[in-house]
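To start, the structure under review is shown below, and the notes come after it.
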Amino acid sequence: MWFDLQTTSIGPSFDPNVCPENSKLGEFSDNVFHSCGRYGLRIFHNLIPRQNPCRPFNADMTNPSDPYWENPVIPAKFYNLTSYKNGRNGAIAERVGAVEFINFKTADNILAGIEMSLTENVIDGYAKVVDAVIIGKTANADA
């Protein structure tokens, strides 16, 4: 599964008022990926969902109760992924905001079970891996 989210919609549907990489995620749950060439799940480029996707991000660190009050973040929750024996990673995210990987199970992926390259535009605790089981290599792994 490859999420290749763009800054704006592209092609014949181009609209500068549609901003996919900052839009709310629908539902992502109960998916299984195995034996893929590189990745089971790949969030390519950016996924930084917020209330107003096309408005700039602005954190107000002087407001500790809600630093995102001007444009609230919306958590993108990915549930119950099982990803194994992929050529590189079970799941990888390039640049994310409040993205949560919940109840992921990965095993026997060549490079890593789960990888997040960069969390951006969120304070600590918003991007997270929750209740994951990550198994590096088993006797069933390819050489």
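In the structure tokens, the first chain shown is A, the next is B, and so on; residue numbers restart at 1 for each chain, and ligands run from 1 in the order shown.
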
7 Å contact set for Thr106 in chain A, only C-alpha atoms, chain neighbours under 3 positions out, as a ChimeraX atom specification: /A:82-84,90,113,133-135

Mind writing the picked residues with C-alpha atoms as a PDB file, in the first residue's frame?
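Okay, out.pdb is ready:
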ATOM      1  CA  THR A  82       0.245  -7.245   9.657  1.00  0.00           C
ATOM      2  CA  SER A  83       3.295  -6.989   7.406  1.00  0.00           C
ATOM      3  CA  TYR A  84       5.901  -9.686   6.863  1.00  0.00           C
ATOM      4  CA  GLY A  90       6.994  -3.734   7.037  1.00  0.00           C
ATOM      5  CA  GLY A 113       9.693  -3.669  10.892  1.00  0.00           C
ATOM      6  CA  VAL A 133       4.929  -6.527  17.939  1.00  0.00           C
ATOM      7  CA  ILE A 134       8.080  -6.310  15.825  1.00  0.00           C
ATOM      8  CA  ILE A 135      10.023  -9.498  15.129  1.00  0.00           C
TER       9      ILE A 135
END

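Using only C-alpha atoms, the smallest distance between any of A:Asn80, A:Asn121, A:Asn103, A:Asn89 and Val32 in chain A comes from A:Asn80.
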
Residue list (strand (DSSP E), DSSP) for range 1-64 of chain A, as a VMD selection string: chain A and resid 2 to 5 28 to 29 32 to 34 39 to 47

Residues within 10 Å of range 59-70 of chain A, only C-alpha atoms, excluding chain neighbours under 2 positions, as a count of residues only: 11

Selection: 7 Å around Ala132 in chain A, only C-alpha atoms, excl. self and same-chain fewer than 5 positions, as a PDB file with N, CA and C atoms, in the first residue's frame:
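Result file follows (result_15.pdb):
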ATOM      1  N   ILE A 102      -1.066   1.684  15.250  1.00  0.00           N
ATOM      2  CA  ILE A 102      -1.672   1.035  16.408  1.00  0.00           C
ATOM      3  C   ILE A 102      -1.852  -0.462  16.135  1.00  0.00           C
ATOM      4  N   ASN A 103      -1.334  -1.268  17.029  1.00  0.00           N
ATOM      5  CA  ASN A 103      -1.468  -2.728  16.968  1.00  0.00           C
ATOM      6  C   ASN A 103      -0.876  -3.304  15.674  1.00  0.00           C
ATOM      7  N   PHE A 104       0.315  -2.847  15.317  1.00  0.00           N
ATOM      8  CA  PHE A 104       1.007  -3.369  14.140  1.00  0.00           C
ATOM      9  C   PHE A 104       1.762  -4.638  14.529  1.00  0.00           C
ATOM     10  N   LYS A 105       1.822  -5.561  13.587  1.00  0.00           N
ATOM     11  CA  LYS A 105       2.596  -6.781  13.748  1.00  0.00           C
ATOM     12  C   LYS A 105       3.473  -6.925  12.506  1.00  0.00           C
TER      13      LYS A 105
END

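A straight line drawn from CA of Ala91 in chain A to CA of Ser23 in chain A is 20.3 Å long.
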
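For the choices A:Asp131, A:Asp124, A:Asp15, A:Glu115, the atom-to-atom distance to Gly40 in chain A is smallest for A:Glu115 when using only C-alpha atoms.
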
Interatomic distance (Å, one decimal) between CA of Ile114 in chain A and CA of Tyr39 in chain A: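 The value is 10.0 Å.
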
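Using only C-alpha atoms, the smallest distance between any of A:Phe14, A:Asn46, A:Ala98, A:Phe78 and Gly26 in chain A comes from A:Phe78.
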
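Coordinates place CA of Ser9 in chain A at a distance of 11.2 Å from CA of Cys54 in chain A.
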
Distance query Asp4 in chain A at most 9 Å, only C-alpha atoms, self and fewer than 6 positions along chain excluded, as an MDAnalysis selection string: chainID A and resid 21 42:46

Keeping C-alpha atoms, export the residues of the selection given above as a compact mmCIF listing (two decimals), in the first residue's frame.
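Written output follows (part.txt):
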# COMPACT_ATOMS: atom_id res chain seq x y z
CA GLU A 21 -1.02 15.63 2.31
CA ARG A 42 4.67 3.26 2.62
CA ILE A 43 3.60 6.80 3.46
CA PHE A 44 5.54 8.62 0.79
CA HIS A 45 6.53 12.23 1.21
CA ASN A 46 4.15 13.80 3.76

Chain A: residues DSSP assigns to helix (DSSP H, G or I), reported as a PyMOL selection string: chain A and resi 11-13+20-22

Selection above as a file: C-alpha atoms, as a PDB file, in the first residue's frame:
ATOM      1  CA  GLY A  11      -3.787  16.332 -13.192  1.00  0.00           C
ATOM      2  CA  PRO A  12      -7.214  17.163 -14.670  1.00  0.00           C
ATOM      3  CA  SER A  13      -8.608  17.490 -11.118  1.00  0.00           C
ATOM      4  CA  PRO A  20      -4.208  15.841   0.233  1.00  0.00           C
ATOM      5  CA  GLU A  21      -1.024  15.628   2.312  1.00  0.00           C
ATOM      6  CA  ASN A  22      -2.652  17.613   5.113  1.00  0.00           C
TER       7      ASN A  22
END
